[in-house]
Amino acid sequence: MKKTLAAVLSLFAPFAARFSASDARSYPFPGRTIRPLVPKHNFIVWLTVVLVLGSLLALPRARPVAAQEPERVSAIAVPATPLPPEAQSRDVKKFSFIAYGDTRGRRDGVAIQYEHSLIVDSMIAKIRQLKNTEYPVRFVLQSGDTVVNGGDAHQWNVSFIPVINRLTTEGGVPYFLAAGNHDVTSALTVDVPERQARLRNYLDALVALIPPDGSPRRLAGYPTYAFGYGNTFVLSLDANIAGDEKQYQWTKAQLEGLDRSRYVNIVVFCHQAPFSSGPHGGSKVEQSTTELRERYMPLFQVHHVRAVFSGHEHLFEHWVEHYTDGTGRHRMDLVVSGGGGAPLYGYTGEPDLRDYLKANESSEVTLEHLVRPGVDRGSSPYHYVVVRVDGDRLKMEVFGVDWGVGFQPYRSSKVELWDP
């Protein structure tokens with residue numbers, strides 16, 4: 001660089017010499033004036049140009065900018081009190097867990113999810129309240145739709161992950177997430193490229209929380225997994241691909257392989273619901289709903305699943321199915337809890353269940369719409385549910401937040417999930 005600058009300045013040397021000589025003759029002499037060879041104002045112009053060029057050449061060369069790595073989703077913090085290995089909790093028969101869903105918000109990618117934060121504030125207070133009781137909260141289930149665009153890592157990192165980190169660190173409890181359509185797309189098959197890109201974000205977030213690939217409680221390459229705690233077995237399904245044969249066979253094998261002398265309660269959570277009455281239900285039957293009704297509900301009946309928690313509809317509703325098999329009459333509770341912070345929905349109408357009931361005539365299936373949401377979107381506030389496990393008896397309480405405090409969908413906030 002110095003050599004280059006010197007070469008440029010050397011170009012100016014003849015002009016400087018000529019100016020010096022002419023400048024000496026530019027003063028008036030008796031009877032005449034000598035005109036300079038290089039006018040003084042031209043010299044100043046040349047001097048300015050040379051100095052500017054010299055300054056530019058003296059600047060350090062810019063280093064080539066390295067290609068920026070795409071943003072990756074941060075892993076949710078490990079819970080302060082993780083679940084013990086499955087075998088170690090065998091004798092636990094009393095505890096609580098939390099269920100909710102649909103946390104995507106208006107500020108995704110810009111700020112923390114405000115409505116979701118209100119939910120988590122209330123959850124943490126409830127976790128602390130129950131900590132030293134017979135029924136401490138041992139884990140949280142979220143039925144999907146974390147952010148508006150699950151393919152945008154920035155939305156996860158800015159708006160969602162910090163909220164959940166509070167649950168796992170301040171609340172100290174494990175957090176489990178089912179895959180929603182906003183998380184991994186509504187694609188019905190696993191081979192859609194956009195789904196694969198979004199699935200990576202989902203798995204990056206949960207890498208420290210769900211069973212890893214290779215675990216007997218995880219379907220490799222899928223967001224489908226299970227875990228056992230105490231007397232309760234929990235199964236997370238990707239209902240977006242409810243028609244996927246590999247997932248169905250894995251689920252079937254998990255249920256068939258259970259020690260039912262230990263696991264008296266089976267709980268399923270997934271995004272789409274088998275029955276609902278919001279914009280995704282009513283007279284509209286989505287493909288995922290059809291697959292759940294035709295394939296999974298009969299499987300759940302065979303294995304006496306106690307409860308199914310779903311979202312997708314941003315409201316609260318509760319269905320109860322009764323069916324009969326060789327061991328007697330049984331009950332399955334189907335709870336839609338999608339009030340985690342997403343824009344709220346209202347009731348659109350009852351689903352047509354004639355085909356479902358006809359297909360299950362031999363099991364004497366009946367369905368009761370125990371809690372029906374109101375038409376007004378405000379009739380179902382932002383909320384979550386706490387499920388208390390006491391042996392083979394489950395009891396649920398619904399907690400509204402913000403303007404929904406005091407929400408009483410059963411003419412109270414509590415309901416028993418068993419028949420008298």
# chains A, B, ... in the order shown; residues from 1 in each chain; ligands from 1
>>> residues_around(residues="range 278-292 of chain A", least_positions_apart="2", cutoff="7 Å", atoms="only C-alpha atoms", output="list in words")
Ala239, Asn240, Ile241, Ala242, Gly243, Gln272, Ala273, Pro274, Phe275, Ser276, Glu294, Arg295, Tyr296, Met297, Glu313, Tyr345, Gly346, Tyr347, Thr348, Gly349, Glu350, Pro351 and Asp352 of chain A
>>> select_by_dssp(residues="range 84-141 of chain A", states="strand (DSSP E)", output="ChimeraX atom specification")
/A:94-100,137-141
>>> write_last_selection(atoms="C-alpha atoms", output="PDB file, in the first residue's frame")
ATOM      1  CA  LYS A  94     -50.597 -39.315  43.015  1.00  0.00           C
ATOM      2  CA  PHE A  95     -49.478 -36.227  41.097  1.00  0.00           C
ATOM      3  CA  SER A  96     -50.764 -33.534  38.744  1.00  0.00           C
ATOM      4  CA  PHE A  97     -49.962 -32.408  35.216  1.00  0.00           C
ATOM      5  CA  ILE A  98     -50.894 -29.379  33.103  1.00  0.00           C
ATOM      6  CA  ALA A  99     -52.331 -29.396  29.582  1.00  0.00           C
ATOM      7  CA  TYR A 100     -52.949 -26.552  27.133  1.00  0.00           C
ATOM      8  CA  VAL A 137     -47.251 -30.781  39.047  1.00  0.00           C
ATOM      9  CA  ARG A 138     -44.756 -33.129  37.392  1.00  0.00           C
ATOM     10  CA  PHE A 139     -44.961 -32.096  33.720  1.00  0.00           C
ATOM     11  CA  VAL A 140     -46.673 -29.860  31.150  1.00  0.00           C
ATOM     12  CA  LEU A 141     -48.272 -31.029  27.877  1.00  0.00           C
TER      13      LEU A 141
END
>>> select_by_dssp(residues="range 257-291 of chain A", states="helix (DSSP H, G or I)", output="list in words")
Gln287, Ser288, Thr289, Thr290 and Glu291 of chain A
>>> write_last_selection(atoms="C-alpha atoms", output="mmCIF file, in the first residue's frame")
data_model
loop_
_atom_site.group_PDB
_atom_site.id
_atom_site.type_symbol
_atom_site.label_atom_id
_atom_site.label_comp_id
_atom_site.auth_asym_id
_atom_site.auth_seq_id
_atom_site.Cartn_x
_atom_site.Cartn_y
_atom_site.Cartn_z
ATOM 1 C CA GLN A 287 -58.534 -35.089 6.735
ATOM 2 C CA SER A 288 -56.672 -35.401 10.032
ATOM 3 C CA THR A 289 -59.981 -35.559 11.896
ATOM 4 C CA THR A 290 -61.247 -38.299 9.582
ATOM 5 C CA GLU A 291 -58.099 -40.369 10.161
#
>>> residues_around(residues="range 316-328 of chain A", least_positions_apart="2", cutoff="8 Å", atoms="only C-alpha atoms", output="count of residues only")
27
>>> closest_residue(among="A:Lys252, A:Arg104, A:Lys126, A:Lys93", to="Leu344 in chain A", atoms="only C-alpha atoms")
A:Arg104
>>> closest_residue(among="A:Val234, A:Ile161, A:Val389, A:Ala75", to="Ala205 in chain A", atoms="only C-alpha atoms")
A:Ala75
>>> atom_distance(atom1="CA of Asp91 in chain A", atom2="CA of Arg262 in chain A")
8.4 Å
>>> closest_residue(among="A:Phe160, A:Phe233, A:Tyr175, A:Tyr114", to="Pro79 in chain A", atoms="only C-alpha atoms")
A:Tyr175
>>> closest_residue(among="A:Gln155, A:Gln113, A:Gln196, A:Asn231", to="Asp259 in chain A", atoms="only C-alpha atoms")
A:Asn231
